[in-house]
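Visitor: Handing you a structure now.
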Amino acid sequence: MPTVMITGANRGLGLEFARQYAADGWKVIATCRAPARADGLRTIDGVDVHALDVDDFDAVAELAETLNGTAIDVLINNAGIYGPKGYSLDEMDFNVWRDVMYTNAMAPLRVSQCFAPHVAASALKCIATLSSKMGSMADNTSGGSYIYRSSKAAVNAVMKSLAHDLAGQGIGVLILHPGWVRTDMGGPAGLIDADFSVAGMRQVIAARGDLSHSGGFFNYDGAEIPW
Ligand SMILES: NC(=O)c1ccc[n+]([C@@H]2O[C@H](COP(=O)([O-])OP(=O)(O)OC[C@H]3O[C@@H](n4cnc5c(N)ncnc54)[C@H](OP(=O)(O)O)[C@@H]3O)[C@@H](O)[C@H]2O)c1
């Protein structure tokens, strides 16, 4: 069976990815900052759990070395943060902005860079990154959310370049919007539950994780999202 590796797999969409792939018999490598507190992950049989704070770029390289020789069919860059909500232009916190850019835009590239050899050694060869429609310029009709929007726009640009750069190794790179999902980040007003969102994203990965769709930005239901 194929292998999936997921960052930020202890709660929310990451945990649901782990659940669904494990239920389908995939080998699941679940990473999270604090495995000792990852109660949800412990309820899933056979999941290989590793500590990983994606902001620790040395630790990312160390885990890649630990997993040297393991083929990873699908790498899911899921870990992300929103930063502050509801601030005005005058309240912009530039230090927090730097932190969110680091986690949401730079860390996915570090993880992808370190694990590209593992993905290249697999059969399916796909890197999928959880972005957001909020990173779309076309979708920005309301303004605000400078920090989160810019971090997701940045990761879109990063992943688009990565799609070109990894094509020679046969790796497909997908950029995914999960919908507005009822998780800690999405909040209770979200429009869909994590199981529905993840089932949709898994279908997109299965259908479009190859080179022919590499660099595409897709909604969880498969619709293409304008940049
Ligand atoms: N929910 C939505 O409506 C929505 C919409 C669009 C896009 N997204 C994106 O989908 C992804 C998952 O979102 P979610 O709704 O599941 O969010 P969530 O419920 O807040 O969970 C976020 C996950 O990311 C992990 N994480 C954050 N920073 C990390 C770091 N430095 N290293 C390792 N793990 C880290 C968290 O771990 P800890 O428990 O250790 O904090 C947690 O497991 C994110 O990239 C998010 O931007 C979500």
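Chain identifiers are assigned as A, B, and so on, following the order in which chains appear in the structure tokens; residues are numbered from 1 within each chain, and ligands are numbered from 1 in order of appearance.
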Write out as number ranges by chain which residues come within 10 Å of Ala123 of chain A when counting only C-alpha atoms, dropping same-chain ones fewer than 5 positions away.
Guide: A: 2-3, 71-74, 170-171
Visitor: Run DSSP on the backbone and give me the residues of chain A it puts in alpha helix (DSSP H), as number ranges by chain.
Guide: A: 12-23, 39-42, 57-66, 94-101, 107-120, 146-166, 194-208
Visitor: Check every protein, DNA and RNA residue against ligand 1, keep those with an atom at most 6 Å away (counting only C-alpha atoms and all ligand atoms), and present them as JSON, numbers by chain.
Guide: {"A": [8, 9, 10, 11, 12, 13, 14, 32, 33, 52, 53, 54, 55, 78, 79, 80, 81, 103, 130, 131, 132, 177, 178, 179, 180, 181, 182, 183, 184, 185, 186]}
Visitor: Give me, please, the distance in Å between atom CA of Met201 of chain A and atom CA of Leu176 of chain A, quoted to one decimal.
Guide: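 Computed distance, atom CA of Met201 of chain A to atom CA of Leu176 of chain A, equals 7.3 Å.
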Visitor: Counting only C-alpha atoms, which of A:Ala128, A:Ala167, A:Ala116, A:Ala105 gets nearest to Arg149 of chain A?
Guide: A:Ala105
Visitor: Find the residue from A:Ile147, A:Ala194, A:Ala223, A:Ala51 that sits nearest to Gly83 of chain A; use only C-alpha atoms when measuring.
Guide: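 For Gly83 of chain A, the nearest of the candidates is A:Ile147.
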Visitor: Near Val155 of chain A, within 8 Å and counting only C-alpha atoms, which residues show up once chain neighbours fewer than 3 positions away are dropped, as a short mmCIF file (atom, residue, chain, number, x, y, z; two decimals) with N, CA and C atoms, in the first residue's frame?
Guide:
```cif
data_model
loop_
_atom_site.label_atom_id
_atom_site.label_comp_id
_atom_site.auth_asym_id
_atom_site.auth_seq_id
_atom_site.Cartn_x
_atom_site.Cartn_y
_atom_site.Cartn_z
N ASN A 104 3.71 29.30 7.38
CA ASN A 104 2.78 28.98 6.29
C ASN A 104 3.44 28.97 4.91
N ALA A 105 4.49 29.76 4.73
CA ALA A 105 5.08 29.85 3.39
C ALA A 105 6.48 29.24 3.31
N MET A 106 7.30 29.49 4.34
CA MET A 106 8.69 29.00 4.26
C MET A 106 8.80 27.54 4.68
N PRO A 108 6.66 24.99 4.52
CA PRO A 108 6.26 23.98 3.52
C PRO A 108 7.35 23.74 2.46
N SER A 131 -3.31 25.26 1.17
CA SER A 131 -3.28 26.71 1.06
C SER A 131 -4.66 27.21 1.48
N SER A 151 0.33 35.14 3.53
CA SER A 151 1.11 33.90 3.75
C SER A 151 0.64 32.81 2.79
N LYS A 152 -0.65 32.76 2.50
CA LYS A 152 -1.15 31.73 1.59
C LYS A 152 -0.87 32.11 0.13
N VAL A 158 5.30 29.82 -4.04
CA VAL A 158 6.37 28.87 -3.73
C VAL A 158 6.08 27.51 -4.38
N MET A 159 4.85 27.04 -4.22
CA MET A 159 4.50 25.70 -4.72
C MET A 159 4.44 25.67 -6.25
#
```
Visitor: Measure the distance from atom CA of Lys85 of chain A to atom CA of Phe57 of chain A in Å and round it to one decimal.
Guide: 26.8 Å
Visitor: Ranking A:Arg110, A:Lys133, A:Lys125, A:Arg202 by minimum distance to Phe17 of chain A and counting only C-alpha atoms, which one comes first?
Guide: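 Smallest distance to Phe17 of chain A is found for A:Arg202.
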Visitor: Would you please work out which residue, of A:Gly135, A:Arg37, A:Ser112, A:Ser145, is nearest to Ser88 of chain A when using only C-alpha atoms?
Guide: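 Distance minimum relative to Ser88 of chain A lands on A:Ser145.
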Visitor: What's the separation between atom CA of Val4 of chain A and atom CA of Trp26 of chain A, in Å to one decimal place?
Guide: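 Here the two named atoms are 7.0 Å from each other.
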Visitor: Write out as a ChimeraX atom specification the residues lying within 9 Å of Gly209 of chain A, counting only C-alpha atoms and excluding same-chain residues fewer than 3 positions away.
Guide: /A:74,124-128,171-174,204-206,212-214
Visitor: Keeping only N, CA and C atoms, write those residues as a PDB file, in the first residue's frame.
Guide:
```
ATOM      1  N   VAL A  74       2.693  10.312  -0.987  1.00  0.00           N
ATOM      2  CA  VAL A  74       2.003  11.606  -0.886  1.00  0.00           C
ATOM      3  C   VAL A  74       2.511  12.324   0.356  1.00  0.00           C
ATOM      4  N   LEU A 124       3.663   7.068  -6.423  1.00  0.00           N
ATOM      5  CA  LEU A 124       2.697   8.117  -6.769  1.00  0.00           C
ATOM      6  C   LEU A 124       3.318   9.504  -6.932  1.00  0.00           C
ATOM      7  N   LYS A 125       4.322   9.812  -6.150  1.00  0.00           N
ATOM      8  CA  LYS A 125       5.107  11.054  -6.319  1.00  0.00           C
ATOM      9  C   LYS A 125       4.262  12.339  -6.298  1.00  0.00           C
ATOM     10  N   CYS A 126       3.665  12.619  -5.142  1.00  0.00           N
ATOM     11  CA  CYS A 126       2.834  13.829  -5.053  1.00  0.00           C
ATOM     12  C   CYS A 126       3.143  14.615  -3.779  1.00  0.00           C
ATOM     13  N   ILE A 127       3.275  15.923  -3.930  1.00  0.00           N
ATOM     14  CA  ILE A 127       3.359  16.825  -2.777  1.00  0.00           C
ATOM     15  C   ILE A 127       2.115  17.715  -2.826  1.00  0.00           C
ATOM     16  N   ALA A 128       1.313  17.688  -1.756  1.00  0.00           N
ATOM     17  CA  ALA A 128       0.099  18.513  -1.690  1.00  0.00           C
ATOM     18  C   ALA A 128       0.227  19.488  -0.523  1.00  0.00           C
ATOM     19  N   ILE A 171       7.667  14.509  -9.925  1.00  0.00           N
ATOM     20  CA  ILE A 171       6.833  14.826  -8.749  1.00  0.00           C
ATOM     21  C   ILE A 171       5.758  15.849  -9.122  1.00  0.00           C
ATOM     22  N   GLY A 172       4.500  15.524  -8.811  1.00  0.00           N
ATOM     23  CA  GLY A 172       3.394  16.454  -9.001  1.00  0.00           C
ATOM     24  C   GLY A 172       3.177  17.271  -7.733  1.00  0.00           C
ATOM     25  N   VAL A 173       2.915  18.564  -7.903  1.00  0.00           N
ATOM     26  CA  VAL A 173       2.731  19.467  -6.759  1.00  0.00           C
ATOM     27  C   VAL A 173       1.328  20.071  -6.836  1.00  0.00           C
ATOM     28  N   LEU A 174       0.522  19.820  -5.810  1.00  0.00           N
ATOM     29  CA  LEU A 174      -0.849  20.342  -5.779  1.00  0.00           C
ATOM     30  C   LEU A 174      -1.002  21.390  -4.687  1.00  0.00           C
ATOM     31  N   VAL A 204      -9.091  14.630  -4.972  1.00  0.00           N
ATOM     32  CA  VAL A 204      -8.317  15.523  -5.847  1.00  0.00           C
ATOM     33  C   VAL A 204      -6.875  15.003  -5.955  1.00  0.00           C
ATOM     34  N   ILE A 205      -6.308  14.599  -4.822  1.00  0.00           N
ATOM     35  CA  ILE A 205      -4.937  14.079  -4.833  1.00  0.00           C
ATOM     36  C   ILE A 205      -4.863  12.819  -5.702  1.00  0.00           C
ATOM     37  N   ALA A 206      -5.854  11.951  -5.557  1.00  0.00           N
ATOM     38  CA  ALA A 206      -5.836  10.692  -6.320  1.00  0.00           C
ATOM     39  C   ALA A 206      -5.988  10.960  -7.820  1.00  0.00           C
ATOM     40  N   SER A 212       0.493  15.934 -14.805  1.00  0.00           N
ATOM     41  CA  SER A 212      -0.329  16.685 -15.756  1.00  0.00           C
ATOM     42  C   SER A 212      -1.102  17.824 -15.090  1.00  0.00           C
ATOM     43  N   HIS A 213      -1.302  17.744 -13.781  1.00  0.00           N
ATOM     44  CA  HIS A 213      -2.006  18.834 -13.083  1.00  0.00           C
ATOM     45  C   HIS A 213      -1.081  19.590 -12.137  1.00  0.00           C
ATOM     46  N   SER A 214       0.212  19.334 -12.233  1.00  0.00           N
ATOM     47  CA  SER A 214       1.133  19.906 -11.259  1.00  0.00           C
ATOM     48  C   SER A 214       1.131  21.438 -11.321  1.00  0.00           C
TER      49      SER A 214
END
```
Visitor: Skip Ile29 of chain A itself and residues of its chain fewer than 5 positions away, then list as a CSV table (one decimal) with C-alpha atoms, in the first residue's frame all residues within 9 Å of it, counting only C-alpha atoms.
Guide:
```
chain,number,residue,atom,x,y,z
A,3,THR,CA,2.6,5.8,2.2
A,4,VAL,CA,1.4,9.3,3.2
A,5,MET,CA,3.3,11.7,5.4
A,6,ILE,CA,1.3,14.6,7.0
A,7,THR,CA,2.5,17.6,9.0
A,18,ALA,CA,-4.4,10.4,9.0
A,47,VAL,CA,0.2,5.2,12.5
A,48,ASP,CA,3.9,6.0,12.7
A,49,VAL,CA,4.1,9.2,14.8
A,50,HIS,CA,7.2,11.5,14.7
A,72,ILE,CA,6.6,8.6,0.5
```
Visitor: From the DSSP assignment of the backbone, select every residue of segment 30-63 of chain A that is strand (DSSP E or B), and format the answer as a ChimeraX atom specification.
Guide: /A:30-32,48-51
